[in-house]
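Structure data (mmCIF, C-alpha atoms) from start.cif:
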data_start
#
loop_
_atom_site.label_atom_id
_atom_site.label_comp_id
_atom_site.auth_asym_id
_atom_site.auth_seq_id
_atom_site.Cartn_x
_atom_site.Cartn_y
_atom_site.Cartn_z
CA MET P 977 22.71 -14.23 73.80
CA GLN P 978 19.68 -11.97 74.23
CA LYS P 979 17.32 -14.83 73.33
CA PHE P 980 18.89 -17.05 76.00
CA LEU P 981 18.51 -14.30 78.61
CA ALA P 982 14.90 -13.60 77.62
CA ASP P 983 13.97 -17.30 77.59
CA ALA P 984 15.59 -17.69 81.02
CA GLY P 985 13.11 -15.13 82.32
CA LEU P 986 15.53 -12.26 82.95
CA ALA P 987 13.50 -9.68 81.01
CA SER P 988 12.03 -9.02 77.57
CA ARG P 989 14.42 -9.46 74.67
CA ARG P 990 14.57 -5.71 74.11
CA LYS P 991 15.50 -5.13 77.75
CA CYS P 992 18.09 -7.91 77.60
CA GLU P 993 19.69 -6.18 74.61
CA GLU P 994 19.96 -3.02 76.72
CA LEU P 995 21.60 -4.96 79.56
CA ILE P 996 24.19 -6.41 77.16
CA SER P 997 24.95 -2.99 75.66
CA GLN P 998 25.35 -1.56 79.16
CA GLY P 999 28.01 -4.17 80.02
CA ARG P 1000 25.91 -5.79 82.73
CA ILE P 1001 26.19 -9.33 81.33
CA GLU P 1002 29.16 -11.65 81.96
CA VAL P 1003 29.99 -14.93 80.22
CA ASP P 1004 32.52 -17.07 82.10
CA GLY P 1005 33.74 -13.99 83.95
CA GLN P 1006 34.09 -11.77 80.87
CA VAL P 1007 31.83 -8.79 80.20
CA VAL P 1008 29.97 -9.14 76.90
CA ARG P 1009 28.71 -6.08 75.06
CA THR P 1010 28.11 -7.57 71.60
CA LEU P 1011 24.52 -8.38 70.69
CA GLY P 1012 24.07 -11.82 69.19
CA THR P 1013 27.05 -13.36 70.96
CA LYS P 1014 26.84 -17.15 70.51
CA ILE P 1015 26.66 -19.44 73.55
CA ASN P 1016 26.35 -23.23 73.81
CA GLY P 1017 24.68 -23.46 77.21
CA SER P 1018 27.66 -24.69 79.20
CA GLU P 1019 28.86 -21.21 80.14
CA ILE P 1020 28.33 -19.47 83.47
CA ILE P 1021 26.27 -16.42 82.59
CA LYS P 1022 25.63 -13.62 85.05
CA ALA P 1023 23.52 -10.46 85.01
CA ASP P 1024 24.65 -7.79 87.47
CA GLY P 1025 26.70 -10.49 89.20
CA LYS P 1026 23.82 -12.95 89.59
CA GLU P 1027 23.95 -16.25 87.71
CA ILE P 1028 21.24 -16.81 85.13
CA LYS P 1029 20.00 -20.36 84.86
CA PRO P 1030 18.98 -22.01 81.55
CA LYS P 1031 15.53 -21.99 80.08
CA GLN P 1032 12.70 -22.78 82.48
CA LYS P 1033 9.08 -23.75 82.08
CA LYS P 1034 7.19 -20.89 80.47
CA ILE P 1035 4.24 -19.53 82.40
CA TYR P 1036 1.73 -16.78 81.68
CA ILE P 1037 -0.13 -15.04 84.49
CA LEU P 1038 -3.06 -12.62 84.27
CA LEU P 1039 -3.27 -10.25 87.24
CA ASN P 1040 -5.97 -7.71 88.11
CA LYS P 1041 -3.69 -5.06 89.61
CA PRO P 1042 -5.06 -2.75 92.31
CA VAL P 1043 -4.05 0.89 92.60
CA GLY P 1044 -0.93 1.30 94.74
CA TYR P 1045 1.34 -1.34 93.18
CA ILE P 1046 4.36 -0.78 90.94
CA SER P 1047 4.49 -2.72 87.67
CA THR P 1048 8.08 -3.89 88.05
CA ALA P 1049 9.77 -6.96 89.49
CA LYS P 1050 11.65 -4.85 92.05
CA ASP P 1051 11.42 -1.28 93.34
CA GLN P 1052 14.39 0.70 94.65
CA PHE P 1053 12.15 2.50 97.13
CA SER P 1054 10.73 -0.75 98.56
CA ARG P 1055 7.22 0.01 97.35
CA LYS P 1056 4.77 -2.82 96.74
CA THR P 1057 5.12 -4.44 93.32
CA VAL P 1058 2.92 -6.72 91.24
CA ILE P 1059 5.26 -9.58 92.17
CA ASP P 1060 4.08 -9.27 95.78
CA LEU P 1061 0.59 -10.26 94.61
CA ILE P 1062 1.72 -13.58 93.11
CA GLU P 1063 4.08 -14.74 95.89
CA PRO P 1064 3.12 -18.45 95.65
CA VAL P 1065 4.57 -18.54 92.10
CA LYS P 1066 8.10 -19.99 92.25
CA GLU P 1067 9.19 -19.13 88.72
CA ARG P 1068 10.89 -15.80 88.12
CA VAL P 1069 8.49 -13.69 86.06
CA TYR P 1070 8.22 -10.04 85.06
CA PRO P 1071 5.42 -7.74 83.85
CA VAL P 1072 4.63 -7.37 80.16
CA GLY P 1073 4.57 -3.60 79.81
CA ARG P 1074 3.32 -1.50 82.69
CA LEU P 1075 0.34 -0.06 84.46
CA ASP P 1076 0.85 3.14 86.40
CA TYR P 1077 0.89 3.15 90.19
CA ASP P 1078 -2.49 4.88 90.25
CA THR P 1079 -4.07 2.74 87.50
CA SER P 1080 -5.73 -0.61 88.13
CA GLY P 1081 -6.62 -3.51 85.88
CA LEU P 1082 -5.17 -6.26 83.75
CA ILE P 1083 -1.47 -6.91 83.41
CA ILE P 1084 0.30 -10.03 82.16
CA LEU P 1085 3.39 -11.49 83.83
CA THR P 1086 5.58 -14.11 82.18
CA ASN P 1087 9.06 -15.56 81.82
CA ASP P 1088 8.66 -15.92 78.04
CA GLY P 1089 10.81 -13.18 76.49
CA ASP P 1090 9.61 -13.73 72.92
CA PHE P 1091 5.96 -13.47 73.96
CA ALA P 1092 6.64 -10.35 76.03
CA ASN P 1093 8.45 -8.71 73.13
CA LYS P 1094 5.61 -9.48 70.73
CA MET P 1095 3.01 -8.07 73.12
CA MET P 1096 4.96 -4.87 73.84
CA HIS P 1097 6.42 -4.03 70.44
CA PRO P 1098 4.47 -1.21 68.75
CA LYS P 1099 4.51 -2.94 65.35
CA HIS P 1100 2.26 -5.73 66.66
CA GLU P 1101 -0.38 -3.21 67.81
CA THR P 1102 -1.99 -5.27 70.58
CA GLN P 1103 -5.30 -3.65 71.53
CA LYS P 1104 -5.74 -2.52 75.14
CA VAL P 1105 -9.08 -1.32 76.49
CA TYR P 1106 -9.37 1.16 79.37
CA ARG P 1107 -12.39 2.36 81.29
CA ALA P 1108 -12.02 5.85 82.71
CA GLU P 1109 -13.98 8.28 84.80
CA ILE P 1110 -13.19 11.73 83.43
CA ILE P 1111 -14.20 15.17 84.63
CA GLY P 1112 -16.85 16.75 82.42
CA LYS P 1113 -18.31 15.49 79.14
CA LEU P 1114 -16.72 14.82 75.78
CA ASN P 1115 -18.09 16.85 72.88
CA GLU P 1116 -18.00 15.89 69.21
CA ARG P 1117 -14.69 17.66 68.66
CA ASP P 1118 -13.09 15.74 71.55
CA VAL P 1119 -14.37 12.43 70.20
CA ASN P 1120 -13.07 13.17 66.70
CA SER P 1121 -9.66 14.14 68.07
CA ILE P 1122 -9.36 10.78 69.82
CA ARG P 1123 -10.62 8.83 66.82
CA ASN P 1124 -8.35 10.59 64.33
CA GLY P 1125 -5.19 10.76 66.41
CA MET P 1126 -4.07 13.73 68.48
CA GLN P 1127 -0.94 15.57 69.48
CA ILE P 1128 0.14 15.13 73.10
CA GLU P 1129 3.52 16.45 74.17
CA ASP P 1130 6.09 15.29 71.59
CA PHE P 1131 4.12 12.65 69.68
CA THR P 1132 0.89 12.09 67.78
CA THR P 1133 -1.28 9.20 68.94
CA ALA P 1134 -2.57 6.58 66.55
CA PRO P 1135 -6.34 6.63 65.90
CA SER P 1136 -8.18 5.21 68.92
CA ARG P 1137 -11.68 3.94 69.56
CA ILE P 1138 -13.80 5.79 72.12
CA ARG P 1139 -17.20 4.98 73.58
CA ILE P 1140 -19.21 7.02 76.10
CA ILE P 1141 -20.62 4.62 78.71
CA GLU P 1142 -22.41 6.84 81.23
CA ASP P 1143 -23.11 10.50 82.03
CA LEU P 1144 -22.63 11.13 85.76
CA GLY P 1145 -23.33 14.85 85.61
CA ALA P 1146 -20.04 16.39 86.66
CA SER P 1147 -18.11 13.48 85.21
CA SER P 1148 -18.42 10.73 82.58
CA ILE P 1149 -17.52 7.07 82.23
CA VAL P 1150 -15.83 6.33 78.90
CA GLU P 1151 -14.10 3.36 77.31
CA ILE P 1152 -11.06 3.92 75.12
CA THR P 1153 -9.12 1.38 73.04
CA ILE P 1154 -5.47 2.03 72.14
CA HIS P 1155 -2.57 -0.11 70.97
CA GLU P 1156 0.33 2.13 71.96
CA GLY P 1157 2.05 2.08 75.33
CA LYS P 1158 3.35 5.59 75.89
CA ASN P 1159 3.86 6.64 79.49
CA ARG P 1160 0.50 7.70 81.02
CA GLN P 1161 -0.90 8.05 77.49
CA VAL P 1162 -4.61 7.75 78.28
CA ARG P 1163 -4.40 10.25 81.14
CA LYS P 1164 -2.47 12.71 78.96
CA MET P 1165 -4.95 12.38 76.09
CA PHE P 1166 -7.93 13.29 78.23
CA ALA P 1167 -6.04 15.98 80.14
CA SER P 1168 -5.07 17.68 76.87
CA LEU P 1169 -8.80 17.84 76.01
CA GLY P 1170 -9.60 19.45 79.36
CA HIS P 1171 -11.05 16.31 80.94
CA PRO P 1172 -8.64 15.02 83.61
CA VAL P 1173 -8.99 11.36 84.59
CA ARG P 1174 -10.28 10.57 88.08
CA HIS P 1175 -10.09 6.80 87.88
CA LEU P 1176 -8.55 4.54 85.26
CA LYS P 1177 -8.76 0.77 84.84
CA ARG P 1178 -7.50 -1.50 82.06
CA VAL P 1179 -10.36 -3.89 81.39
CA ALA P 1180 -9.01 -5.87 78.42
CA ILE P 1181 -5.83 -6.90 76.63
CA GLY P 1182 -6.77 -8.20 73.20
CA SER P 1183 -9.73 -10.52 73.71
CA VAL P 1184 -8.84 -11.26 77.36
CA ARG P 1185 -11.09 -9.30 79.72
CA VAL P 1186 -11.05 -8.56 83.43
CA ASP P 1187 -14.53 -10.04 83.92
CA GLY P 1188 -14.61 -12.60 86.71
CA LEU P 1189 -11.14 -11.80 88.07
CA GLU P 1190 -11.31 -10.06 91.43
CA GLU P 1191 -9.02 -7.08 92.02
CA GLY P 1192 -5.73 -8.19 93.55
CA LYS P 1193 -6.20 -11.76 92.31
CA TRP P 1194 -4.47 -13.64 89.49
CA ARG P 1195 -4.79 -16.74 87.35
CA TYR P 1196 -2.89 -18.50 84.60
CA LEU P 1197 -3.80 -17.68 81.03
CA SER P 1198 -5.52 -20.59 79.32
CA ARG P 1199 -3.97 -22.14 76.23
CA LYS P 1200 -6.83 -20.71 74.18
CA GLU P 1201 -6.27 -17.17 75.54
CA LEU P 1202 -2.54 -17.41 74.91
CA THR P 1203 -3.08 -18.51 71.32
CA GLN P 1204 -5.62 -15.73 70.77
CA LEU P 1205 -3.26 -13.07 72.11
CA LYS P 1206 -0.43 -14.22 69.86
CA ASN P 1207 -2.69 -14.34 66.82
CA GLN P 1208 -4.40 -11.03 67.57
CA ALA P 1209 -1.08 -9.20 67.89
CA VAL P 1210 -0.18 -10.11 64.32
CA GLY P 1211 -3.75 -10.04 62.98
CA GLU P 1212 -4.41 -6.49 64.14
CA LYS P 1213 -1.22 -5.30 62.49
CA GLU P 1214 -2.25 -6.86 59.18
CA ARG P 1215 -5.79 -5.48 59.46
CA ILE P 1216 -4.59 -1.92 60.00
CA SER P 1217 -2.01 -2.26 57.21
CA LYS P 1218 -4.73 -3.34 54.75
CA LYS P 1219 -6.98 -0.49 55.90
CA ARG P 1220 -4.20 2.08 55.33
CA HIS P 1221 -3.41 0.61 51.90
CA LYS P 1222 -7.08 0.74 50.89
CA SER P 1223 -7.30 4.35 52.07
CA LYS P 1224 -4.27 5.37 49.98
CA SER P 1225 -5.58 3.52 46.94
CA GLY P 1226 -8.91 5.35 47.16
CA SER P 1227 -7.37 8.80 47.45
#
Would it be possible to restate this file's structure as structure tokens?
Amino acid sequence: MQKFLADAGLASRRKCEELISQGRIEVDGQVVRTLGTKINGSEIIKADGKEIKPKQKKIYILLNKPVGYISTAKDQFSRKTVIDLIEPVKERVYPVGRLDYDTSGLIILTNDGDFANKMMHPKHETQKVYRAEIIGKLNERDVNSIRNGMQIEDFTTAPSRIRIIEDLGASSIVEITIHEGKNRQVRKMFASLGHPVRHLKRVAIGSVRVDGLEEGKWRYLSRKELTQLKNQAVGEKERISKKRHKSKSGS
């Protein structure tokens, strides 16, 4: 059931599982709450009362989101969403993960639930690169905290890569690479070190970079980029697993 809903472009598979558990899915007029319910494709399936059509052509869009847009398909407060920026697209798509309202940069939109799930699931550890202007300058202790993993609120971040790009005097331009997707994680990391973020932009997802894509514009991912993203999601996981195993063996 959840695979059908995800492939139909309703949401990621994980989100579809939530919708089923919440009793928001009907099959031939009956509410279904059991994950993995079998269907043959002839049923009338509805989500929140709206009929869900069978599998459609899968598309993958790369958008350079400006500040001031919500990374959802719809917003209850009628704010501008990333969907407003791709209005010519007829297929029903949704964002893979999120970028905060006040953060700009790359975000992927798709109707491929399996792909979205792979990109968002923490176990696949897809690398995301952000460029930030922060107040002040990072010292060696700050850099080590980021590289080794640090406590922010109720969780400890995974080790991240950090590079200082430019010293602006009262502020600095830095580039940080993470693979987690905690809410406002990058901003919270720098704030906890005493260096609040002034501006934040996601400049890369895996090997796909923002270069050449104007802010507010979008394009389809190429077949090569799509293949690379899928391979990198699994490859990075295996690389980190081998590194951890080697570290334990040497201790």
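Candidate residues P:Asn1087, P:Asn1040, P:Gln1127, P:Ser1147 were compared for distance to P:Ile1181, and the nearest is P:Asn1040, using all atoms listed in the file.
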Quick one: contact table of stretch 1070-1153 of chain P to stretch 1012-1036 of chain P, 12 Å max, nearest atom pair and distance in Å to one decimal per residue, counting all atoms listed in the file, chain and number order, as a tab-separated table?
residue	atom	partner	partner_atom	distance
P:Tyr1070	CA	P:Tyr1036	CA	9.9
P:Pro1071	CA	P:Tyr1036	CA	10.0
P:Val1072	CA	P:Tyr1036	CA	10.0
P:Ile1083	CA	P:Tyr1036	CA	10.5
P:Ile1084	CA	P:Tyr1036	CA	6.9
P:Leu1085	CA	P:Tyr1036	CA	5.9
P:Thr1086	CA	P:Tyr1036	CA	4.7
P:Asn1087	CA	P:Lys1034	CA	5.8
P:Asp1088	CA	P:Lys1034	CA	5.7
P:Gly1089	CA	P:Lys1034	CA	9.4
P:Asp1090	CA	P:Lys1034	CA	10.7
P:Phe1091	CA	P:Tyr1036	CA	9.4
P:Ala1092	CA	P:Tyr1036	CA	9.9
- Residue list as a count of residues only for point (-4.3, 14.0, 76.6), cut-off 10 Å, all atoms listed in the file: 20
Problem set entry | Selection result of the PyMOL selection byres ((chain P and resi 1193-1206) around 9) on this file, as a VMD selection string | chain P and resid 1035 to 1041 1061 to 1062 1084 1091 1094 to 1095 1102 1181 to 1184 1189 to 1192 1207 to 1211
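Residues matching the PyMOL selection byres ((chain P and resi 1011) around 9) in this structure come to Met977, Gln978, Glu993, Ile996, Ser997, Val1008, Arg1009, Thr1010, Gly1012 and Thr1013 of chain P.
Here atom CA of P:Arg989 stands at a distance of 20.8 Å from atom CA of P:Gln1006.
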When the PyMOL selection byres ((chain P and resi 1106) around 7) is applied to the structure above, which residues does it catch, written out as a compact mmCIF listing (two decimals) with C-alpha atoms, in the coordinates of the input?
# COMPACT_ATOMS: atom_id res chain seq x y z
CA LYS P 1104 -5.74 -2.52 75.14
CA VAL P 1105 -9.08 -1.32 76.49
CA ARG P 1107 -12.39 2.36 81.29
CA ALA P 1108 -12.02 5.85 82.71
CA GLU P 1151 -14.10 3.36 77.31
CA ILE P 1152 -11.06 3.92 75.12
CA THR P 1153 -9.12 1.38 73.04
CA LEU P 1176 -8.55 4.54 85.26
CA LYS P 1177 -8.76 0.77 84.84
CA ARG P 1178 -7.50 -1.50 82.06
CA VAL P 1179 -10.36 -3.89 81.39
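Here atom CA of P:Arg1139 stands at a distance of 25.5 Å from atom CA of P:His1097.
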note - atom CA of P:Arg1185 and atom CA of P:Leu1075 are separated by 15.4 Å
